[in-house]
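Okay, so here's the structure we're looking at.
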Amino acid sequence: MSNKTIATFFAVIASVFSPTTATQAEDYALVNGKIFNGVENQILENQTVFISDGKISEIAKASSAIGNNYTVIDLEGNYLMPGMFDVHTHLNTLAQARRALVSGVTTIRSASVKAFEDVALRELVRSGAVAGPDVVATGVYVTPKLGDTILADPRLAVLADGVNTDDELRTLVQVNIDRGADAIKTRGTERAGLSTTDPRQPVYTERQLRVVVEEAARHNVPVLVHAHGDEGGKAAVKAGARSIEHGTYLSDETLALMKERGTWLVPTYVTMNEMNEEQYDHVLRLRGKHMVPQLERVIRSAHKIGVKFATGADNYYDNKSTNRISVEVENFVRLGMSNFEALQTATVSSADLLGLSAVTSQITEGYEADMIVVPANPLENIEALQDVLMVISNGQIALKRIPFGVSE
């Protein structure tokens, strides 16, 4: 199914079913709020933010006249900031997307799903059928054994015995792109979350990873690479990966190479730290006790030399896990970033990684109206991100918990 056919299909769906997770888009004037715009290390006061056609149409002085066509929303002195990004998630249902959205995440990049659910969600959001989050889709994982993922597309039948040769790697990349993937995910090392695998063990070689990167590049599509171990991580950087996901055991030499080549780091600290919790078996809990300090070292070292960071929670947004981008940002502060730096990892920096820095991530005229409201100044109190009071995504109100007062 071509991208045009997919878009047409979901436009028809949107015309039949009205949104159930958001109010219909209209023009708004946001008043009486304090603004962190994402690009300045300060709070802007006495401003009114106007939203029209899903975008920030104007930012004016609070005294400016407000036309009758605007619905006025009183932010009651709370803090308005850009919506956050989760650039490493495996959510694949509408309920999970909703949980991400109400946590303050207005843009995601999937890190592989089983059957192109991310492509479908992207089109639903674009059509206005749901408020968001906006989706950068990666389709299915480029990994040696597809398992049940082989059911995602009949053309994958030829990969039943594995995905290892150059032709097999190219085929899987091509199917992903044909199905509408915006990025490709592959692996440099084994998983951390299985007690039967060692996360330091390399999987694809530098040459194999380069085949994936070069095939994706023919379609102007970037590649993210799962890599815990240093050997696999370094191979991914040399092969031309756009970002390294996790990076638990990266050496200073590999971090320096990432800095030199502009390779991004997506540490997914919150999911590594979750291995220490009781629901995991004893092997993984012991592994977590070793991996978390290693990853903390990598985060501190990478930050010190200026490696670029983006935020990913690496979860499904189910109703049990508390892995959220707000928690990732809070941990970045604990590990040495300033509040401003950490906030930017979840907004303008993540947008830069995804090639969306001219579209969203800032409270700036002309940008998409992807914004959240929190109860305290995030430049001083990073924990404010845990209490999202309002979410606006693509100009639609997806969550509104204010005012707190009881109306007559």
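Going through the structure tokens in order, the chains are called A, B, and so on, while each chain numbers its residues from 1 and the ligands are numbered from 1 in the order shown.
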- Taking the DSSP assignment computed from this structure's backbone, write out as a PyMOL selection string all residues of region 144-234 of chain A that belong to helix (DSSP H, G or I). chain A and resi 147-152+154-159+166-178+206-217+230-234
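If you count only C-alpha atoms and ignore residues fewer than 4 places along the chain from region 224-235 of chain A, what sits within 7 Å of it is Ile184, Lys185, Thr186, Arg187, Gly188, Thr189, Pro199, Arg200, Gln201, Pro202, Thr205, Glu206, Ala239, Ala241, Arg242, Ser243, Ile244, Glu245, His246, Gly247, Thr248, Tyr249, Leu250, Ser251 and Thr254 of chain A.
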- Task: Apply DSSP to the structure's backbone, then extract all residues of region 23-136 of chain A labelled strand (DSSP E or B) and return them as a ChimeraX atom specification.
- Result: /A:28-35,44-52,55-61,71-74,79-82,84-89,105-110,134-136
- Name all residues at most 12 Å from region 75-79 of chain A (count only C-alpha atoms; drop same-chain ones fewer than 4 positions away) and give them as a VMD selection string. chain A and resid 28 to 37 42 to 49 371 to 381 384 to 385 387 to 391 400 to 405
